[in-house]
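Participant: Starting off with a structure, shown below.
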Amino acid sequence: MVRPTRVTNEIRRLRFANAEMTQAELGDRIGVTRQTIIAIEQGRYSPSLEMAFQIAGVFGVPLDEVFGYVDSEATTS
Amino acid sequence: MSFEEKSTWAYSVIAIALAVIYFALVLGQLPQTAAGDITFQVPLVAAIGATIGLTILAHIVVAIAAPDDAGKRDQRDKDINRYGEYVGGLVLGVAATVPLILALAEADHFWIANTIYLAFILSATAGSIVKIVAYRRGF
């Protein structure tokens with residue numbers, strides 16, 4: 001699986017922690033398709049900052065509890 | 001698969017298929033007929049018209065098959081579309097130099113018109129491939 005983004009996320013875990021929310025439900029809540037939620041979860045799409053805040057807002061948690069960033073240069077140096 | 005991805009697949013398949021049929025019919029006459037004597041105008045307009053018509057029809061069929069997804073277009077779709085159109089535009093810019101050179105060389109209308117159509121098809125194909133890869137592999 002190709003992961004073109006270094007943005008990691010906890011969306012899958014947060015969905016299950018929130019009454020097993022489906023990808024379609026989450027997509028409907030923030031106005032995107034289910035396929036976009038799947039792409040974000042799998043690291044195939046890096047959401048805009050606004051969309052990231054909307055996702056965090058749905059779960060009622062801070063942004064950095066949903067998203068992280070793997071900086072390979074910082075970790076190797 | 002999202003509505004936009006299905007639409008991209010439909011458009012690319014239709015555009016390429018009709019271009020292949022058109023070029024097979026028209027270029028197939030070249031061994032027997034001089035380029036200037038081939039009647040390409042009606043088939044060319046028919047191929048372009050059929051591409052537009054069939055693409056609209058395919059959109060309708062895709063929408064009927066999955067009415068909940070019909071017309072849904074989010075930020076990811078817009079980003080992928082912009083990326084694909086950018087690549088398609090680059091290809092069109094490069095490919096358009098061929099008919100330009102042919103026009104400057106006062107080549108037959110047959111070659112100028114057909115290389116313009118080919119440039120459009122190459123642009124559409126490149127743009128669609130980029131979009132489909134972006135949908136499948138990530139963006």
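Chain lettering (A, B, ...) mirrors the order of the structure tokens, residue numbering begins at 1 for each chain separately, and ligand numbering begins at 1 in order of display.
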For Glu41 in chain A, please output as a list in words all residues within 12 Å (counting only C-alpha atoms; exclusion window: fewer than 6 positions along the same chain).

Facilitator: Arg3, Thr5, Val7, Thr8, Asn9, Glu10, Ile11, Arg12, Arg13, Leu14, Arg15, Gln23, Leu26, Gly27, Arg34, Gln35, Pro47, Ala52, Ile55, Val66 and Phe67 of chain A; Gly138 of chain B

Participant: Within 12 Å of chain A, which residues belong to chain B? Use only C-alpha atoms and report them as a ChimeraX atom specification.

Facilitator: /B:1-5,68-80,133-139

Participant: What would the file look like if the residues just selected were written as an mmCIF file, in the first residue's frame with N, CA and C atoms?

Facilitator:
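Output (part-v4.cif):
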```cif
data_model
loop_
_atom_site.group_PDB
_atom_site.id
_atom_site.type_symbol
_atom_site.label_atom_id
_atom_site.label_comp_id
_atom_site.auth_asym_id
_atom_site.auth_seq_id
_atom_site.Cartn_x
_atom_site.Cartn_y
_atom_site.Cartn_z
ATOM 1 N N MET B 1 -16.325 3.224 -4.724
ATOM 2 C CA MET B 1 -15.850 4.189 -5.722
ATOM 3 C C MET B 1 -16.807 5.392 -5.736
ATOM 4 N N SER B 2 -16.240 6.583 -5.656
ATOM 5 C CA SER B 2 -17.084 7.782 -5.593
ATOM 6 C C SER B 2 -17.684 8.106 -6.966
ATOM 7 N N PHE B 3 -18.709 8.949 -6.935
ATOM 8 C CA PHE B 3 -19.382 9.357 -8.176
ATOM 9 C C PHE B 3 -18.382 9.976 -9.152
ATOM 10 N N GLU B 4 -17.508 10.835 -8.627
ATOM 11 C CA GLU B 4 -16.533 11.516 -9.483
ATOM 12 C C GLU B 4 -15.540 10.527 -10.102
ATOM 13 N N GLU B 5 -15.133 9.520 -9.330
ATOM 14 C CA GLU B 5 -14.190 8.530 -9.867
ATOM 15 C C GLU B 5 -14.850 7.705 -10.972
ATOM 16 N N ASP B 68 -27.609 7.857 -4.130
ATOM 17 C CA ASP B 68 -27.140 8.533 -2.913
ATOM 18 C C ASP B 68 -25.824 9.276 -3.139
ATOM 19 N N ASP B 69 -25.011 8.756 -4.066
ATOM 20 C CA ASP B 69 -23.699 9.369 -4.321
ATOM 21 C C ASP B 69 -23.749 10.405 -5.444
ATOM 22 N N ALA B 70 -24.871 10.446 -6.169
ATOM 23 C CA ALA B 70 -24.955 11.281 -7.367
ATOM 24 C C ALA B 70 -24.642 12.749 -7.073
ATOM 25 N N GLY B 71 -23.731 13.289 -7.845
ATOM 26 C CA GLY B 71 -23.405 14.710 -7.741
ATOM 27 C C GLY B 71 -22.574 15.094 -6.533
ATOM 28 N N LYS B 72 -22.255 14.139 -5.669
ATOM 29 C CA LYS B 72 -21.457 14.457 -4.479
ATOM 30 C C LYS B 72 -20.014 14.736 -4.901
ATOM 31 N N ARG B 73 -19.520 15.878 -4.474
ATOM 32 C CA ARG B 73 -18.166 16.287 -4.865
ATOM 33 C C ARG B 73 -17.567 17.018 -3.675
ATOM 34 N N ASP B 74 -16.531 16.444 -3.102
ATOM 35 C CA ASP B 74 -15.940 17.088 -1.923
ATOM 36 C C ASP B 74 -14.550 17.641 -2.258
ATOM 37 N N GLN B 75 -13.840 18.070 -1.193
ATOM 38 C CA GLN B 75 -12.536 18.712 -1.383
ATOM 39 C C GLN B 75 -11.534 17.801 -2.086
ATOM 40 N N ARG B 76 -11.570 16.517 -1.724
ATOM 41 C CA ARG B 76 -10.638 15.562 -2.346
ATOM 42 C C ARG B 76 -10.908 15.452 -3.850
ATOM 43 N N ASP B 77 -12.185 15.363 -4.215
ATOM 44 C CA ASP B 77 -12.541 15.305 -5.638
ATOM 45 C C ASP B 77 -12.036 16.546 -6.366
ATOM 46 N N LYS B 78 -12.218 17.718 -5.742
ATOM 47 C CA LYS B 78 -11.778 18.967 -6.379
ATOM 48 C C LYS B 78 -10.254 18.996 -6.515
ATOM 49 N N ASP B 79 -9.543 18.547 -5.466
ATOM 50 C CA ASP B 79 -8.074 18.519 -5.511
ATOM 51 C C ASP B 79 -7.580 17.592 -6.616
ATOM 52 N N ILE B 80 -8.168 16.396 -6.688
ATOM 53 C CA ILE B 80 -7.755 15.420 -7.700
ATOM 54 C C ILE B 80 -8.093 15.926 -9.098
ATOM 55 N N VAL B 133 -5.247 7.274 -10.989
ATOM 56 C CA VAL B 133 -4.126 6.853 -10.127
ATOM 57 C C VAL B 133 -4.218 7.561 -8.777
ATOM 58 N N ALA B 134 -4.562 8.845 -8.805
ATOM 59 C CA ALA B 134 -4.696 9.601 -7.551
ATOM 60 C C ALA B 134 -5.822 9.025 -6.690
ATOM 61 N N TYR B 135 -6.920 8.644 -7.312
ATOM 62 C CA TYR B 135 -8.029 8.038 -6.556
ATOM 63 C C TYR B 135 -7.611 6.685 -5.971
ATOM 64 N N ARG B 136 -6.916 5.881 -6.788
ATOM 65 C CA ARG B 136 -6.568 4.512 -6.371
ATOM 66 C C ARG B 136 -5.382 4.451 -5.410
ATOM 67 N N ARG B 137 -4.285 5.178 -5.755
ATOM 68 C CA ARG B 137 -3.038 5.051 -5.015
ATOM 69 C C ARG B 137 -2.864 6.098 -3.931
ATOM 70 N N GLY B 138 -3.569 7.191 -4.047
ATOM 71 C CA GLY B 138 -3.438 8.250 -3.045
ATOM 72 C C GLY B 138 -3.013 9.556 -3.660
ATOM 73 N N PHE B 139 -3.281 10.613 -2.900
ATOM 74 C CA PHE B 139 -2.997 11.951 -3.419
ATOM 75 C C PHE B 139 -2.620 12.865 -2.261
#
```

Participant: Neighbouring residues of Pro99 in chain B were defined as those with any atom within 8 Å, considering only C-alpha atoms; residues of the same chain fewer than 3 positions away were excluded. Please report them as a list in words.

Facilitator: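 Surrounding residues, per the criterion: Ala95, Ala96, Leu102, Ala103, Trp111, Ile112, Ala113, Thr115 and Ile116 of chain B.
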
Participant: Based on the selection just made, write C-alpha atoms of those residues as a PDB file, in the first residue's frame.

Facilitator:
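What landed in out37.pdb:
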```pdb
ATOM      1  CA  ALA B  95       0.805  18.174 -28.163  1.00  0.00           C
ATOM      2  CA  ALA B  96      -0.662  21.367 -29.667  1.00  0.00           C
ATOM      3  CA  LEU B 102       1.829  21.679 -39.490  1.00  0.00           C
ATOM      4  CA  ALA B 103      -0.176  24.895 -39.972  1.00  0.00           C
ATOM      5  CA  TRP B 111      -3.386  16.571 -40.777  1.00  0.00           C
ATOM      6  CA  ILE B 112      -3.958  19.793 -38.824  1.00  0.00           C
ATOM      7  CA  ALA B 113      -7.505  18.846 -37.760  1.00  0.00           C
ATOM      8  CA  THR B 115      -3.489  16.260 -34.824  1.00  0.00           C
ATOM      9  CA  ILE B 116      -5.619  18.787 -32.898  1.00  0.00           C
TER      10      ILE B 116
END
```

Participant: Could you tell me how far CA of Tyr22 in chain B lies from CA of Gly36 in chain B, in Å and to one decimal?

Facilitator: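 If I compute the distance from CA of Tyr22 in chain B to CA of Gly36 in chain B, I get 16.9 Å.
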
Participant: Using DSSP secondary structure from the backbone, list all alpha helix (DSSP H) positions within range 30-90 of chain B, as a ChimeraX atom specification.

Facilitator: /B:41-65,75-90

Participant: Would you compute the distance between CA of Met21 in chain A and CA of Gln54 in chain A? Give it in Å to one decimal.

Facilitator: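 Separating CA of Met21 in chain A from CA of Gln54 in chain A is a distance of 15.2 Å.
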
Participant: Excluding Thr51 in chain B and its own-chain neighbours fewer than 3 positions away, which residues fall within 7 Å of it when counting only C-alpha atoms? Please give them as a list in words.

Facilitator: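 Near Thr51 in chain B, the qualifying residues are Ile14, Ala15, Leu18, Ala47, Ile48, Leu54 and Thr55 of chain B.
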
Participant: Mind listing the strand (DSSP E or B) residues of chain A, per DSSP on the backbone, as a list of chain:residue names?

Facilitator: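 Checking each residue of chain A, the strand (DSSP E or B) ones are A:Val7, A:Thr8, A:Asn9, A:Phe67, A:Gly68, A:Tyr69.
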
Participant: Report, in Å with one decimal, the straight-line distance from CA of Thr97 in chain B to CA of Ile16 in chain B.

Facilitator: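 Result for CA of Thr97 in chain B versus CA of Ile16 in chain B: 21.1 Å, one decimal.
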